[in-house]
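These notes are about the structure you will find just below.
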Amino acid sequence: MRKILWSPAVALVLAVASLFALEVRAQDAAVVSESPSLTDVKAIMDRRCVVCHSCYDAPCQLKLTSPEGVLRGASKEAVYHTERLKDAQPTRLGIDAQTVPEWRALGFHSVTRDPGSGDSASLLERYLELGRRSVLPVDAPLPDELGLALDRPLVCPTSSEFDAFSRDHAMAGMPYGTAPLSETEYQALMTWARSGAPLPAEPSDIPDEIQDQITEWEVFLNSDDLRSQLMSRYLYEHLFLARLHFQGDDPRRFFQLVRSTTGPGEDIDIIATRRPFDDPGSGEFYYRLEQITETIVHKEHLVYTLGPDRMVRYRQLFLDPAWTLAELPPYGDAEGGNPFSTFMQIPAKSRYQFLLDDALFFVRSFIRGPVCHGETAVDVIEDRFWVSFLDPEADLSITDPSYLQEGAAYLELPVSEADAGVLGTLQGFSHKKQAQYLEFRDARYRGAPIYETGFDYSSIWDGDGTNPNALITVFRHFDNASAMTGFHGGIPETAWVIDFPIFERIYYDLVAGYDVFGRVEHQLATRLYMDELRMESEDTFLFFMPREVRPQMHDRWYQGALAELHTYWHRRRVDDSFPTGIIFETTTPKREFLLALLERGNGLWPTEDPINRCAESDCPTDELGTVLREMADQTGDWVKYLPDLSVLVVEQEGGAAELFTLVHDKAHYNVAFLFDEKARREPGADVLTVLPRLIGSYPNFYYHLRQDRLTAFIAALKSIQSQSDYMDVVAEFGVRRTSPEFWALSDRVYEVFLGQKPIQAGFFDLNRYKDPKPGDEPS
């Protein structure tokens, strides 16, 4: 266990903070005794504080998901900084500093009672008191002074600055911009914050059967032979963000894979590097499994299952094949920027199959990793598209060993140019390398037998008849995204086919190679390179289409003079010479191809979307589904007024509730640029996708109604012609941030989510919850 420096003078914060070391079941926060237990207080903090204060985007970096986060306190420095000219000092909790003095040296200030402060109230107390004094208007828009934008200026006062702050920001108490805490919640938190309660006992021991598996895994990952060492490095670089869960274990217990200076059986001492492929130092290090004790928030909860079957699979993929290794490859930017050369000796088929086995996990890592923050982060993808993968037997990078041996030089990622220091080189780097690779790729495929026949349905991985990860839907929600297996919604405008070089590069661009504390050129390089990879994925999809329709399809995706210039500048030309191996039977080849993919895989995915896309005779006849189809997969002026991601809570007789997600799929003339999205919007083609489940991590709004009001709700939505009309819908069916039922409904949504997905569930982030106002423009 890593050590925290403390004294009796900070016993208060330790008592408070250590609540978070106990992963407990969510409880009804309203039922709190006069002397609240630590469990009671933790439940309140999770549901009222953690929902905004977690991860890198926590306001003022005040992360309340763990004891270390409370001890660390707050900072005036933002992690996400789009104009940073120099790399920032990393401030990762549990990694970059371990003691209170170390955090203070990095600019963090206390939010609790400091030693020698006497009876002076802490920042936590004062924020809670400010929120109690300045109650917001009930069920009404927030005052204009309360901004909700992610990039809004944050003051982040210290204790000595708080009096002036509270005079200038009288409405900025906690919880920020929402309905107030109940009296019992408020008193429980204030009692807790003022008290000097002793530290609770350590978390309960890990069960013997799980500890035995941990021991077995640490032995496996720290084997001495060179092949095992390279395999373990590959696994670590791909799983360092994973929440590892053992099959059959407590659904709320997770671990993380770390590099430590200490070996199995000793306390873990994490090696702090900016990225997972950075040099861990000259001394010995070990791969260890460390238990995660912080509160689970959905936006960073990437679950990956471990167990005996997984270890057998790793042996099959990495150790059973015949390959040799004379020496281990070096670490560093240049090597980390090119995983194809670093791991050249591991068979490409093994590496690609490793990614395919858990494709959804890796696609979600692109989304839930630290890169995905704000509009610019996801401006380079459509709002909804379908993803499939080139079958390993159809991928030349897998079937021809010389392909990657010769092509690796063209597959460097921008991270290998990390010290170039000149913004002007970014575009040149990505374009030059990518253009060279595409020329190489085209030449190799033209010289292969596939050029005579073209790709056909067998060229798409079908999950081997057992794996639903073979087909994935990606949704973009303006400044964040989500993914799920199968094809959902109506036929999308674009689709991707990903091969091994694309898959690995997306991962190293957005996850392994992305430094959230990096300077602006690194941020831009990451996004510009992703632009290249999106186009390459679209181009691979076009190879399956009839040659004569490819140019028109591409032109539909990239409309406008600037988009045409973008295509020319990127040296993109739609290849209408490569044949397709598919004989199409309809005049809608995209639809025909994508729906045909659903027919493969031995029933791994529903062939119909029961709400958004089904033949009349095959649509389910349940009442809810029938009614919801009245607004699903439809265009109309009304759609543009809806938030990007809404949760619809439908109350049924008997007290049960059905939850649906309303996804506003925004149409664009093109997604060729990182900025000025509004100028590229095509709102008349927007579509609403209705899903009978919860997706996304950042709900923008809740609608709450009885089932007998569902028809009226849909009629009201479809009659919206102005923002005023939408405000009427909000007033009748919506739940505002300041609504008296806001917190109760938020709790209920989480409880349903936890019951449905006990391993995958986590607290939603409410920072993006909207505050509809009369003067708002359509989204």
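Identifiers for the structure tokens are assigned positionally: chains receive A, B, ... in sequence, residues are indexed from 1 per chain, and ligands are indexed from 1 in the order shown.
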
Discussion item. I'd like the neighbourhood of Leu648 of chain A as a VMD selection string, where a residue qualifies if any of its atoms comes within 6 Å (using only C-alpha atoms), though same-chain residues fewer than 5 positions away should be ignored.
Written reply: chain A and resid 659 to 660 702 to 703

Fill in: From A:Phe220, A:Phe763, A:Phe742, A:Tyr445, residue lying nearest Gly696 of chain A [only C-alpha atoms]
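Answer, going by the shortest atom-to-atom distance: A:Phe763.
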
Worksheet item: Counting only C-alpha atoms, which of A:Leu123, A:Ala272, A:Met553, A:Ala470 gets nearest to Ala74 of chain A?
Response: A:Leu123

Fill in: strand (DSSP E) per DSSP on the backbone: members of segment 441-631 of chain A, as an MDAnalysis selection string
chainID A and resid 472:476 481:485 495:498

Worksheet item: A:Asp725, A:Glu284, A:Glu294, A:Glu616: which is nearest Phe255 of chain A, counting only C-alpha atoms?
Response: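 Of all the options, A:Glu294 lies closest to Phe255 of chain A.
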
Item to complete: Would you mind listing what lies within 12 Å of Ile271 of chain A as number ranges by chain, with only C-alpha atoms counted and same-chain residues fewer than 4 positions away left out?
Response: A: 2, 94-97, 257-262, 275-288

File dump, residues just selected, N, CA and C atoms, as a PDB file, in the first residue's frame:
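And here is the file that came out, out-v9.pdb:
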ATOM      1  N   ARG A   2       0.535   2.260  -0.815  1.00  0.00           N
ATOM      2  CA  ARG A   2       1.305   3.490  -0.812  1.00  0.00           C
ATOM      3  C   ARG A   2       0.956   4.307   0.415  1.00  0.00           C
ATOM      4  N   GLY A  94      -2.527   9.141  -6.947  1.00  0.00           N
ATOM      5  CA  GLY A  94      -1.938   7.860  -6.627  1.00  0.00           C
ATOM      6  C   GLY A  94      -0.697   7.528  -7.422  1.00  0.00           C
ATOM      7  N   ILE A  95      -0.278   8.425  -8.325  1.00  0.00           N
ATOM      8  CA  ILE A  95       0.883   8.144  -9.176  1.00  0.00           C
ATOM      9  C   ILE A  95       1.951   9.215  -9.047  1.00  0.00           C
ATOM     10  N   ASP A  96       1.579  10.484  -9.237  1.00  0.00           N
ATOM     11  CA  ASP A  96       2.576  11.549  -9.358  1.00  0.00           C
ATOM     12  C   ASP A  96       2.968  12.207  -8.042  1.00  0.00           C
ATOM     13  N   ALA A  97       2.268  11.927  -6.975  1.00  0.00           N
ATOM     14  CA  ALA A  97       2.637  12.371  -5.626  1.00  0.00           C
ATOM     15  C   ALA A  97       1.915  11.448  -4.651  1.00  0.00           C
ATOM     16  N   LEU A 257      -3.735  -3.152 -13.642  1.00  0.00           N
ATOM     17  CA  LEU A 257      -2.406  -3.664 -13.936  1.00  0.00           C
ATOM     18  C   LEU A 257      -1.428  -2.498 -13.904  1.00  0.00           C
ATOM     19  N   VAL A 258      -0.406  -2.593 -13.055  1.00  0.00           N
ATOM     20  CA  VAL A 258       0.553  -1.505 -12.875  1.00  0.00           C
ATOM     21  C   VAL A 258       1.972  -2.058 -12.976  1.00  0.00           C
ATOM     22  N   ARG A 259       2.927  -1.135 -13.170  1.00  0.00           N
ATOM     23  CA  ARG A 259       4.342  -1.484 -13.074  1.00  0.00           C
ATOM     24  C   ARG A 259       4.849  -0.984 -11.721  1.00  0.00           C
ATOM     25  N   SER A 260       5.511  -1.847 -10.987  1.00  0.00           N
ATOM     26  CA  SER A 260       5.940  -1.529  -9.634  1.00  0.00           C
ATOM     27  C   SER A 260       7.424  -1.846  -9.460  1.00  0.00           C
ATOM     28  N   THR A 261       8.076  -1.079  -8.593  1.00  0.00           N
ATOM     29  CA  THR A 261       9.477  -1.382  -8.264  1.00  0.00           C
ATOM     30  C   THR A 261       9.584  -2.580  -7.343  1.00  0.00           C
ATOM     31  N   THR A 262       8.454  -2.981  -6.773  1.00  0.00           N
ATOM     32  CA  THR A 262       8.443  -4.088  -5.819  1.00  0.00           C
ATOM     33  C   THR A 262       7.752  -5.294  -6.426  1.00  0.00           C
ATOM     34  N   ARG A 275       3.445   7.833 -20.075  1.00  0.00           N
ATOM     35  CA  ARG A 275       2.714   6.921 -20.946  1.00  0.00           C
ATOM     36  C   ARG A 275       3.158   5.498 -20.665  1.00  0.00           C
ATOM     37  N   PRO A 276       2.355   4.522 -21.022  1.00  0.00           N
ATOM     38  CA  PRO A 276       2.674   3.140 -20.643  1.00  0.00           C
ATOM     39  C   PRO A 276       3.890   2.571 -21.353  1.00  0.00           C
ATOM     40  N   PHE A 277       4.282   3.172 -22.486  1.00  0.00           N
ATOM     41  CA  PHE A 277       5.454   2.651 -23.185  1.00  0.00           C
ATOM     42  C   PHE A 277       6.722   3.415 -22.835  1.00  0.00           C
ATOM     43  N   ASP A 278       6.656   4.364 -21.906  1.00  0.00           N
ATOM     44  CA  ASP A 278       7.858   5.067 -21.468  1.00  0.00           C
ATOM     45  C   ASP A 278       8.750   4.141 -20.655  1.00  0.00           C
ATOM     46  N   ASP A 279      10.027   4.447 -20.659  1.00  0.00           N
ATOM     47  CA  ASP A 279      11.025   3.635 -19.971  1.00  0.00           C
ATOM     48  C   ASP A 279      10.740   3.593 -18.473  1.00  0.00           C
ATOM     49  N   PRO A 280      10.589   2.396 -17.883  1.00  0.00           N
ATOM     50  CA  PRO A 280      10.333   2.313 -16.435  1.00  0.00           C
ATOM     51  C   PRO A 280      11.585   2.499 -15.585  1.00  0.00           C
ATOM     52  N   GLY A 281      12.722   2.733 -16.211  1.00  0.00           N
ATOM     53  CA  GLY A 281      13.960   2.941 -15.453  1.00  0.00           C
ATOM     54  C   GLY A 281      14.895   1.752 -15.575  1.00  0.00           C
ATOM     55  N   SER A 282      16.088   1.950 -15.042  1.00  0.00           N
ATOM     56  CA  SER A 282      17.128   0.932 -15.191  1.00  0.00           C
ATOM     57  C   SER A 282      16.996  -0.217 -14.199  1.00  0.00           C
ATOM     58  N   GLY A 283      16.278   0.000 -13.115  1.00  0.00           N
ATOM     59  CA  GLY A 283      16.137  -1.045 -12.114  1.00  0.00           C
ATOM     60  C   GLY A 283      15.103  -2.082 -12.513  1.00  0.00           C
ATOM     61  N   GLU A 284      15.034  -3.136 -11.728  1.00  0.00           N
ATOM     62  CA  GLU A 284      14.030  -4.163 -11.992  1.00  0.00           C
ATOM     63  C   GLU A 284      12.630  -3.616 -11.706  1.00  0.00           C
ATOM     64  N   PHE A 285      11.662  -4.107 -12.458  1.00  0.00           N
ATOM     65  CA  PHE A 285      10.278  -3.747 -12.188  1.00  0.00           C
ATOM     66  C   PHE A 285       9.414  -4.976 -12.395  1.00  0.00           C
ATOM     67  N   TYR A 286       8.186  -4.883 -11.882  1.00  0.00           N
ATOM     68  CA  TYR A 286       7.286  -6.025 -11.904  1.00  0.00           C
ATOM     69  C   TYR A 286       5.885  -5.565 -12.287  1.00  0.00           C
ATOM     70  N   TYR A 287       5.174  -6.451 -12.986  1.00  0.00           N
ATOM     71  CA  TYR A 287       3.766  -6.198 -13.268  1.00  0.00           C
ATOM     72  C   TYR A 287       2.956  -6.723 -12.091  1.00  0.00           C
ATOM     73  N   ARG A 288       2.117  -5.845 -11.552  1.00  0.00           N
ATOM     74  CA  ARG A 288       1.351  -6.191 -10.357  1.00  0.00           C
ATOM     75  C   ARG A 288      -0.131  -5.867 -10.571  1.00  0.00           C
TER      76      ARG A 288
END

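When the distance limit is 8 Å and only C-alpha atoms are what count, the residues near segment 627-638 of chain A, minus those fewer than 6 positions from it on the same chain, are A:Gly489, A:Gly490, A:Ile611, A:Asn612, A:Arg613, A:Pro683, A:Gly684, A:Ala685, A:Asp686, A:Val687, A:Leu688, A:Thr689, A:Val690, A:Leu710, A:Thr711, A:Ile714, A:Leu717, A:Lys718, A:Ser719, A:Ile720, A:Gln721, A:Ser722.
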
Fill in: Shortest interatomic distance to Leu396 of chain A - which of A:Pro778, A:Pro449, A:Pro153, A:Pro370, counting only C-alpha atoms
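Smallest separation from Leu396 of chain A among the options: A:Pro449.
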
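In this model, the gap between atom CA of Asn767 of chain A and atom CA of Val303 of chain A comes to 22.9 Å.
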
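Neighbouring residues of Ala408 of chain A at 7 Å or closer, counting only C-alpha atoms and skipping chain neighbours under 4 positions away, are Phe340, Ser341 and Leu404 of chain A.
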
Take the selection from the previous step and output its residues with N, CA, C and O atoms, as a short mmCIF file (atom, residue, chain, number, x, y, z; two decimals), in the first residue's frame.
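Once written, out19.cif looks like this:
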data_model
loop_
_atom_site.label_atom_id
_atom_site.label_comp_id
_atom_site.auth_asym_id
_atom_site.auth_seq_id
_atom_site.Cartn_x
_atom_site.Cartn_y
_atom_site.Cartn_z
N PHE A 340 4.28 -1.29 -34.20
CA PHE A 340 4.50 -2.35 -35.19
C PHE A 340 5.96 -2.77 -35.22
O PHE A 340 6.27 -3.95 -35.43
N SER A 341 6.87 -1.82 -35.00
CA SER A 341 8.28 -2.20 -34.93
C SER A 341 8.64 -2.73 -33.55
O SER A 341 9.41 -3.68 -33.42
N LEU A 404 4.21 -5.97 -42.83
CA LEU A 404 4.55 -5.08 -41.72
C LEU A 404 6.06 -4.89 -41.60
O LEU A 404 6.51 -3.84 -41.13
#

Discussion item. Quick check for you: according to DSSP on this backbone, which residues of segment 133-289 of chain A are classed as helix (DSSP H, G or I)? Reply as a ChimeraX atom specification.
Written reply: /A:133,159-168,183-194,208-221,226-239
